[in-house]
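Scroll down for the structure; my scribbles are underneath it.
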Amino acid sequence: MKTTAKVNQMGQEMEVESYITEYIDISGVKFPKVIKQMVNGMELGGMTFKVVELDKPMEDSIFKIN
């Protein structure tokens, strides 16, 4: 899957493409493991997820904005 967005960075318009790959199946739902970002055809960065967890208990306090 690929998404494309035009963003304005310091007065310059750039095209950012995100390539979403390496899906894993968890409880019947597909999750991407790798997201690679390209700007104007050059790799800018990305993310690789090592662990995806569903229904994990979390404290409400982690969502508090200071």
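Each chain in the structure tokens gets a letter, A, B, ..., in the order shown, and its residues are numbered from 1; ligands are numbered from 1 in order too.
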
Exercise. Quick one: DSSP strand (DSSP E or B) residues in chain A, as number ranges by chain?
Worked result: A: 2-9, 12-26, 29-39, 42-48

Problem set entry | Close residues, A:Ile26 itself excluded, 12 Å, only C-alpha atoms, min 3 positions apart in chain, as a PyMOL selection string | chain A and resi 23+29-33+51-55

Problem set entry | Distance query A:Thr48 at most 10 Å, only C-alpha atoms, self and fewer than 4 positions along chain excluded, as a PyMOL selection string | chain A and resi 21-22+32-36

Problem set entry | Close residues, stretch 37-47 of chain A itself excluded, 12 Å, only C-alpha atoms, min 3 positions apart in chain, as a PyMOL selection string | chain A and resi 2-9+12-22+32-34+50

Emit the selected residues as a compact mmCIF listing (two decimals), in the first residue's frame, including N, CA and C atoms.
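Now in again-v2.txt:
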# COMPACT_ATOMS: atom_id res chain seq x y z
N LYS A 2 0.43 2.26 -0.64
CA LYS A 2 1.19 3.52 -0.70
C LYS A 2 0.23 4.67 -0.46
N THR A 3 0.65 5.64 0.36
CA THR A 3 -0.09 6.88 0.51
C THR A 3 0.80 8.02 0.06
N THR A 4 0.19 9.07 -0.45
CA THR A 4 0.93 10.23 -0.91
C THR A 4 0.29 11.48 -0.33
N ALA A 5 1.13 12.40 0.17
CA ALA A 5 0.64 13.67 0.71
C ALA A 5 1.58 14.79 0.30
N LYS A 6 1.02 15.95 0.04
CA LYS A 6 1.84 17.13 -0.21
C LYS A 6 1.89 17.92 1.08
N VAL A 7 3.11 18.23 1.55
CA VAL A 7 3.29 18.98 2.79
C VAL A 7 4.13 20.22 2.50
N ASN A 8 3.95 21.25 3.32
CA ASN A 8 4.72 22.47 3.20
C ASN A 8 5.71 22.52 4.34
N GLN A 9 6.99 22.50 4.03
CA GLN A 9 8.06 22.49 5.04
C GLN A 9 8.96 23.70 4.77
N GLN A 12 8.59 25.31 1.41
CA GLN A 12 8.73 24.46 0.23
C GLN A 12 7.68 23.35 0.27
N GLU A 13 7.03 23.15 -0.87
CA GLU A 13 6.08 22.05 -0.95
C GLU A 13 6.83 20.78 -1.33
N MET A 14 6.55 19.71 -0.58
CA MET A 14 7.20 18.43 -0.83
C MET A 14 6.13 17.35 -0.94
N GLU A 15 6.43 16.33 -1.72
CA GLU A 15 5.55 15.17 -1.82
C GLU A 15 6.12 14.06 -0.94
N VAL A 16 5.35 13.63 0.03
CA VAL A 16 5.78 12.57 0.94
C VAL A 16 5.00 11.31 0.60
N GLU A 17 5.72 10.24 0.29
CA GLU A 17 5.10 8.95 0.00
C GLU A 17 5.42 7.99 1.14
N SER A 18 4.41 7.30 1.61
CA SER A 18 4.60 6.29 2.65
C SER A 18 4.28 4.92 2.06
N TYR A 19 5.23 4.01 2.15
CA TYR A 19 5.06 2.64 1.67
C TYR A 19 4.86 1.74 2.88
N ILE A 20 3.72 1.06 2.93
CA ILE A 20 3.34 0.24 4.07
C ILE A 20 3.43 -1.22 3.63
N THR A 21 4.33 -2.00 4.30
CA THR A 21 4.61 -3.36 3.85
C THR A 21 4.72 -4.34 5.02
N GLU A 22 4.97 -5.57 4.69
CA GLU A 22 5.21 -6.68 5.63
C GLU A 22 4.10 -6.79 6.68
N PRO A 32 0.56 -3.62 9.60
CA PRO A 32 1.84 -3.47 8.90
C PRO A 32 3.00 -3.51 9.89
N LYS A 33 4.10 -4.12 9.47
CA LYS A 33 5.31 -4.13 10.30
C LYS A 33 6.28 -3.04 9.87
N VAL A 34 6.25 -2.64 8.59
CA VAL A 34 7.23 -1.68 8.08
C VAL A 34 6.51 -0.54 7.36
N LYS A 50 8.33 -4.07 15.97
CA LYS A 50 8.76 -5.41 16.38
C LYS A 50 7.65 -6.16 17.09

Problem set entry | DSSP helix (DSSP H, G or I) residues within chain A, as JSON, numbers by chain | {"A": [60, 61, 62, 63]}
